[in-house]
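Colleague: Pasting my_file05.txt here (compact mmCIF, C-alpha atoms):
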```
# COMPACT_ATOMS: atom_id res chain seq x y z
CA MET R 1 -0.41 -29.75 18.05
CA LEU R 2 3.24 -29.77 19.02
CA PRO R 3 4.45 -27.20 21.55
CA GLY R 4 6.84 -24.59 20.28
CA TYR R 5 5.49 -24.53 16.72
CA ILE R 6 3.69 -21.64 15.10
CA VAL R 7 0.08 -22.29 14.17
CA ILE R 8 -0.76 -21.05 10.67
CA ASN R 9 -4.38 -20.85 9.62
CA LEU R 10 -6.13 -19.81 6.42
CA TYR R 11 -6.28 -16.13 7.44
CA ASP R 12 -2.50 -16.05 7.86
CA ILE R 13 -2.00 -17.47 4.38
CA ILE R 14 -4.45 -14.97 2.87
CA ASP R 15 -2.68 -12.16 4.73
CA ILE R 16 0.72 -13.23 3.41
CA VAL R 17 -0.56 -13.53 -0.17
CA LEU R 18 -2.21 -10.08 -0.02
CA ILE R 19 0.92 -8.44 1.38
CA ALA R 20 3.07 -10.15 -1.29
CA PHE R 21 0.68 -8.95 -4.00
CA LEU R 22 0.67 -5.38 -2.67
CA MET R 23 4.47 -5.31 -2.42
CA TYR R 24 4.80 -6.67 -5.98
CA TRP R 25 2.30 -4.11 -7.27
CA LEU R 26 4.08 -1.29 -5.44
CA PHE R 27 7.41 -2.29 -6.95
CA LYS R 28 5.83 -2.43 -10.41
CA MET R 29 4.34 1.05 -9.91
CA LEU R 30 7.68 2.49 -8.80
CA GLU R 31 9.74 0.68 -11.44
CA GLY R 32 11.48 3.08 -13.79
CA THR R 33 11.12 6.08 -11.48
CA THR R 34 13.61 7.69 -9.13
CA ALA R 35 11.25 6.88 -6.29
CA ILE R 36 12.39 3.25 -6.26
CA ASN R 37 15.71 4.38 -4.78
CA LEU R 38 13.87 6.35 -2.10
CA PHE R 39 11.63 3.39 -1.39
CA ILE R 40 14.60 1.03 -0.97
CA GLY R 41 16.24 3.59 1.32
CA ILE R 42 13.10 3.80 3.44
CA ILE R 43 12.94 -0.01 3.70
CA ALA R 44 16.60 0.00 4.83
CA VAL R 45 15.88 2.63 7.50
CA VAL R 46 12.87 0.65 8.76
CA LEU R 47 14.95 -2.53 8.96
CA LEU R 48 17.68 -0.62 10.79
CA ARG R 49 15.06 0.69 13.20
CA ILE R 50 13.94 -2.87 13.93
CA VAL R 51 17.53 -3.97 14.57
CA VAL R 52 18.16 -0.99 16.87
CA SER R 53 14.97 -1.73 18.77
CA GLU R 54 15.84 -5.41 19.19
CA LEU R 55 19.31 -4.52 20.49
CA ASN R 56 17.77 -2.07 23.02
CA MET R 57 19.82 0.92 21.85
CA LYS R 58 17.91 3.67 23.60
CA MET R 59 19.54 6.74 22.05
CA LEU R 60 19.19 5.50 18.46
CA SER R 61 15.65 4.30 19.19
CA SER R 62 14.64 7.78 20.33
CA LEU R 63 16.27 9.28 17.23
CA PHE R 64 14.37 6.90 14.96
CA ASP R 65 11.15 7.62 16.85
CA ALA R 66 11.62 11.35 16.21
CA VAL R 67 12.26 10.73 12.51
CA PHE R 68 9.25 8.45 12.15
CA SER R 69 6.96 10.93 13.90
CA VAL R 70 7.30 13.37 10.97
CA GLY R 71 8.08 10.72 8.39
CA PHE R 72 4.53 10.29 7.12
CA ILE R 73 4.29 13.89 5.94
CA ALA R 74 7.77 13.66 4.44
CA LEU R 75 6.71 10.53 2.55
CA ILE R 76 3.71 12.33 1.09
CA VAL R 77 5.95 15.17 -0.09
CA LEU R 78 8.62 12.84 -1.50
CA PHE R 79 6.22 10.48 -3.25
CA GLN R 80 3.69 13.06 -4.45
CA PRO R 81 4.15 12.30 -8.19
CA GLU R 82 3.91 8.56 -7.60
CA ILE R 83 0.84 8.97 -5.36
CA ARG R 84 -0.79 10.99 -8.13
CA LYS R 85 0.12 8.30 -10.69
CA PHE R 86 -1.25 5.58 -8.39
CA LEU R 87 -4.56 7.39 -7.84
CA ASN R 88 -4.85 8.09 -11.56
CA THR R 89 -4.25 4.41 -12.36
CA MET R 90 -6.82 3.32 -9.76
CA GLY R 91 -9.38 5.75 -11.17
CA LYS R 92 -8.82 4.53 -14.72
CA SER R 93 -9.07 0.87 -13.75
CA LEU R 94 -12.30 1.51 -11.82
CA HIS R 95 -13.66 3.58 -14.70
CA ASN R 96 -12.99 0.73 -17.16
CA ASN R 97 -14.49 -1.92 -14.87
CA ARG R 98 -17.74 -3.41 -16.25
CA PHE R 99 -19.34 -3.58 -12.80
CA PHE R 100 -18.85 0.14 -12.15
CA LYS R 101 -20.02 1.02 -15.65
CA LEU R 102 -23.22 -0.93 -15.00
CA ILE R 103 -23.74 0.90 -11.69
CA PHE R 104 -23.19 4.32 -13.25
CA LYS R 105 -25.46 3.53 -16.22
CA SER R 106 -28.23 2.35 -13.91
CA LYS R 107 -27.77 5.44 -11.75
CA ARG R 108 -28.11 7.70 -14.79
CA TYR R 109 -31.11 5.69 -15.99
CA LEU R 110 -32.82 5.96 -12.59
CA SER R 111 -32.07 9.69 -12.36
CA LEU R 112 -34.11 10.25 -15.53
CA PHE R 113 -37.24 9.07 -13.72
CA SER R 114 -36.71 10.90 -10.43
CA VAL R 115 -38.34 14.27 -9.98
```
Show me, as structure tokens, the structure contained in the file I just sent.
Modeller:
Amino acid sequence: MLPGYIVINLYDIIDIVLIAFLMYWLFKMLEGTTAINLFIGIIAVVLLRIVVSELNMKMLSSLFDAVFSVGFIALIVLFQPEIRKFLNTMGKSLHNNRFFKLIFKSKRYLSLFSV
């Protein structure tokens, strides 16, 4: 191994592929909604926060920290329709999955014999 180079193993590659898939899926879920503009704005703010942190700007860093401390609740409020759509889509895809249908059928079948 050469000094100064980053070591990449199989877990790193799997991690990168999963993150890329999740980002692609998130963009596809938000496509055609007004939430895509909000999502791009949030990405821009996060990137700006990283730049401010790297440049050691203390006042702006504390401002961003204050915004991010309540940001999670604000995200839930802003993306409530999309979160509902996402959960509905996940429920439908799990409901249509053959594996889960088999589990639920066997559970119903076994419940007939339990007293």
Colleague: Hey, can you check how far atom CA of R:Leu47 sits from atom CA of R:Gly4?
Modeller: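 It comes out at 26.1 Å.
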Colleague: Between R:Phe68, R:Leu30, R:Trp25, R:Val17, which is the closest to R:Val45 once you count only C-alpha atoms?
Modeller: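 Between R:Phe68, R:Leu30, R:Trp25, R:Val17, the residue approaching R:Val45 most closely is R:Phe68.
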Colleague: Excluding R:Met29 and its own-chain neighbours fewer than 3 positions away, which residues fall within 12 Å of it when counting all atoms listed in the file? Please give them as number ranges by chain.
Modeller: R: 22-26, 32-36, 39, 79, 81-90
Colleague: In Å, rounded to a single decimal, give me how far atom CA of R:Ala44 is from atom CA of R:Phe27.
Modeller: 15.1 Å
